[in-house]
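Working notes for the structure below.
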Amino acid sequence: MDRRPSERVDVCVVGAGPAGALAAHRLAERGHEVVVLEAGPRFDFESRLDRMERAIRPAHSDTSVWDMGGERDAYASSGEEFYPLNSARVKGIGGSTLHWQGMVMRHHEADFERRTRDGVAADWPIGYDDLKPYYATAETELGVAGASDNPFAPPRDEPHPLPAFEPSYSDSLFAEACERLGVVMHSVPNARNSEGYDDRSACVGYGTCKPVCPSGAKYSADVHVRKAEDAGARVIDRAPVQELETDDSGRVAAARYATPDGETHRQTAREFVVACGGVEIPRLLLMSRSADHPDGLANSSGLVGRYFTEHLFCGAGGLLDERTRQNHVGFITSECHQFYDEPGRATEGTEGGIPASDADLGPMKLEFLNYAGPSPVEMALGAEEFGDDLLDTLQGAYGNNIAMGGLVGQLPRKENRITLDTSRTDDHGNPVPDITWSLDARTERTIRRANEIQHAILEELGVDIGWTVGPENTGPAFHHMGTTRMGTDPAESVVNPQLRTHDVPNLSVASSSVFVTPGALNPTLTIAALSLKCADHVDERL
């Protein structure tokens with residue numbers, strides 16, 4: 001591939017995940033000359049079956065599925081909580097949508113107003129109504145299957161592009177217990193085709209959505225990379241950007257990038273959009289320091305890398321004295337947002353309901369899992385027995401597991417951050433990202449509250465609860481947010497409501513890194529909506 005720079009470019013986009021792909025497509029479609037620089041490779045679609053096999057064979061690590069790891073992907077984690085960064089991301093055309101679960105919800109209206117409503121953190125400088133039209137477009141672009149049956153979701157003006165997936169068999173078991181407790185269940189929007197859409201097949205039920213969809217029914221951003229190329233954009237893979245160079249006017253003049261042959265090139269452009277995720281964006285800005293930007297590019301506030309936030313997993317499960325039919329369909333087909341905006345609320349039910357809590361709590365969503373317990377395939381591949389003995393083991397261990405999951409959004413904290421570890425370098429001699437991450441007491445209380453509700457539902461169902469993921473053993477949902485936060489005050493934020501950096505007039509950020517608060521919902525649809533909004537503002541300036 002010719003990886004030399006293009007001579008005359010309107011926009012240079014850094015990153016080919018969902019944010020970069022959608023922005024590049026929108027701008028190319030409007031007639032602009034666009035070049036996309038992606039650090040990772042272009043994966044062959046036909047390799048997905050082999051990657052699925054890697055995912056289920058015990059001899060392979062989770063990072064090997066999409067070729068993560070090694071010197072290229074080196075990092076440090078020096079905070080209270082270890083952060084497994086390479087399990088959380090994919091470098092390549094399509095980015096982390098290559099291994100995501102595919103759940104896509106709109107942020108609740110309250111998510112944009114945490115300071116006003118709860119007296120914590122800060123409000124976003126934009127509200128739900130500002131993103132509402134972009135949410136609708138994003139759902140069409142991704143092909144979202146859903147239903148308007150969530151009474152706690154924000155208002156919408158149009159149906160989802162595709163019909164929702166039917167509730168699973170275990171969802172029907174949960175429904176009876178939830179009804180007795182006064183707990184409301186509803187469908188989950190998925191960027192996974194419930195029927196053929198956008199020249200991609202309907203879901204065929206491989207059941208390995210995370211970490212790989214062999215059929216292409218689950219959306220991944222390589223779809224929009226191809227659309228961007230069809231519209232005239234040029235996409236260069238294996239071209240990690242080393243630095244954003246500025247000129248005397250204070251504008252970004254070029255993105256300096258490396259290629260596999262050991263060469264370094266400069267891609268000039270009129271506008272630059274960084275869209276390489278909540279860890280690599282602050283790293284790139286910090287690496288781009290110069291005499292005019294001694295603390296890093298766009299960092300006059302000192303907040304580049306600050307307020308790194310995550311979603312925390314909470315869950316519980318065990319055994320039920322009947323078949324639950326797990327691992328038959330996608331990960332989650334039903335959820336509960338009843339406690340999202342009012343986590344301490346009580347419910348009224350024939351069996352007493354869920355008791356109230358007056359503790360200071362954050363948002364939470366509850367999930368009814370379809371993949372509880374071991375997979376028979378994975379058990380068989382890791383077994384040391386054969387024949388009838390193996391069959392007895394599989395039949396005894398599979399079939400009656402059941403579980404709930406959930407996400408809790410943590411409070412943004414300035415001390416949680418991405419910095420540069422200058423004691424360690426990547427394959428190009430650059431300092432690696434260092435993640436400082438810890439949990440706050442409010443988040444831990446919210447996880448305990450989620451566990452309380454999960455236990456009540458499971459006990460009502462008659463489950464022998466065997467495990468719980470609470471604040472002591474929780475982990476990240478792999479949603480990087482908050483490291484270049486949005487705001488109107490240049491002293492308190494990195495980008496403005498148009499997603500342009502306060503300090504550099506031709507540099508924009510399309511990413512969850514601009515989130516002010518994380519909410520507790522999977523962030524990709526909001527990333528997509530913000531990317532489309534960012535592209536519109538870049539288009540206006542051009």
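Going by the structure tokens order, chains are called A, B, ..., each with residues numbered from 1, while ligands are numbered from 1 in the order shown.
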Using 10 Å as the limit and counting only C-alpha atoms, can you tabulate each residue of region 376-424 of chain A that touches region 151-174 of chain A, with its shortest atom-to-atom distance in Å and the two atoms involved, as JSON lines?
{"residue": "A:Asn400", "atom": "CA", "partner": "A:Ser170", "partner_atom": "CA", "distance": 9.9}
{"residue": "A:Asn401", "atom": "CA", "partner": "A:Ser170", "partner_atom": "CA", "distance": 9.8}
{"residue": "A:Ile402", "atom": "CA", "partner": "A:Ser170", "partner_atom": "CA", "distance": 7.6}
{"residue": "A:Ala403", "atom": "CA", "partner": "A:Ser170", "partner_atom": "CA", "distance": 9.4}
{"residue": "A:Met404", "atom": "CA", "partner": "A:Phe174", "partner_atom": "CA", "distance": 9.6}
Tell me, counting only C-alpha atoms, for each residue of region 71-162 of chain A within 12 Å of region 266-282 of chain A, which pair of atoms is nearest and how far apart they are in Å to one decimal, in rows ordered by chain and increasing number, as CSV.
residue,atom,partner,partner_atom,distance
A:Asp73,CA,A:Glu280,CA,10.6
A:Ala74,CA,A:Glu280,CA,11.8
A:Tyr75,CA,A:Val279,CA,10.2
A:Ala76,CA,A:Val279,CA,11.6
A:Ser77,CA,A:Val279,CA,11.9
A:Tyr83,CA,A:Val279,CA,11.6
A:Leu85,CA,A:Val279,CA,9.0
A:Asn86,CA,A:Val279,CA,11.1
A:Ala88,CA,A:Val279,CA,10.6
A:Arg89,CA,A:Gly277,CA,9.0
A:Val90,CA,A:Gly277,CA,10.4
A:Lys91,CA,A:Cys276,CA,9.1
A:Gly92,CA,A:Cys276,CA,10.4
A:Ile93,CA,A:Cys276,CA,11.1
A:Gly94,CA,A:Cys276,CA,10.9
A:Gly95,CA,A:Cys276,CA,8.4
A:Ser96,CA,A:Gly277,CA,9.2
A:Thr97,CA,A:Gly277,CA,11.7
Exercise. Quote the spacing between CA of Ala202 (chain A) and CA of Met105 (chain A) in Å to one decimal place.
Key: 20.1 Å
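Shortest separation to Ala175 (chain A) among A:Phe368, A:Asp261, A:Val514, A:Ala291 occurs at residue A:Phe368, atoms counted being only C-alpha atoms.
Residues with any atom within 12 Å of Asp67 (chain A), counting only C-alpha atoms and excluding same-chain neighbours fewer than 2 positions away, are Gly40, Pro41, Arg42, Phe43, Ser47, Arg51, Arg54, Ala55, His60, Ser61, Asp62, Thr63, Ser64, Val65, Gly69, Gly70, Glu71, Arg72, Asp73, Asn86, Ser87, Arg89, Val90, Lys91, Gly92, Leu98, His99 and Pro211 of chain A.
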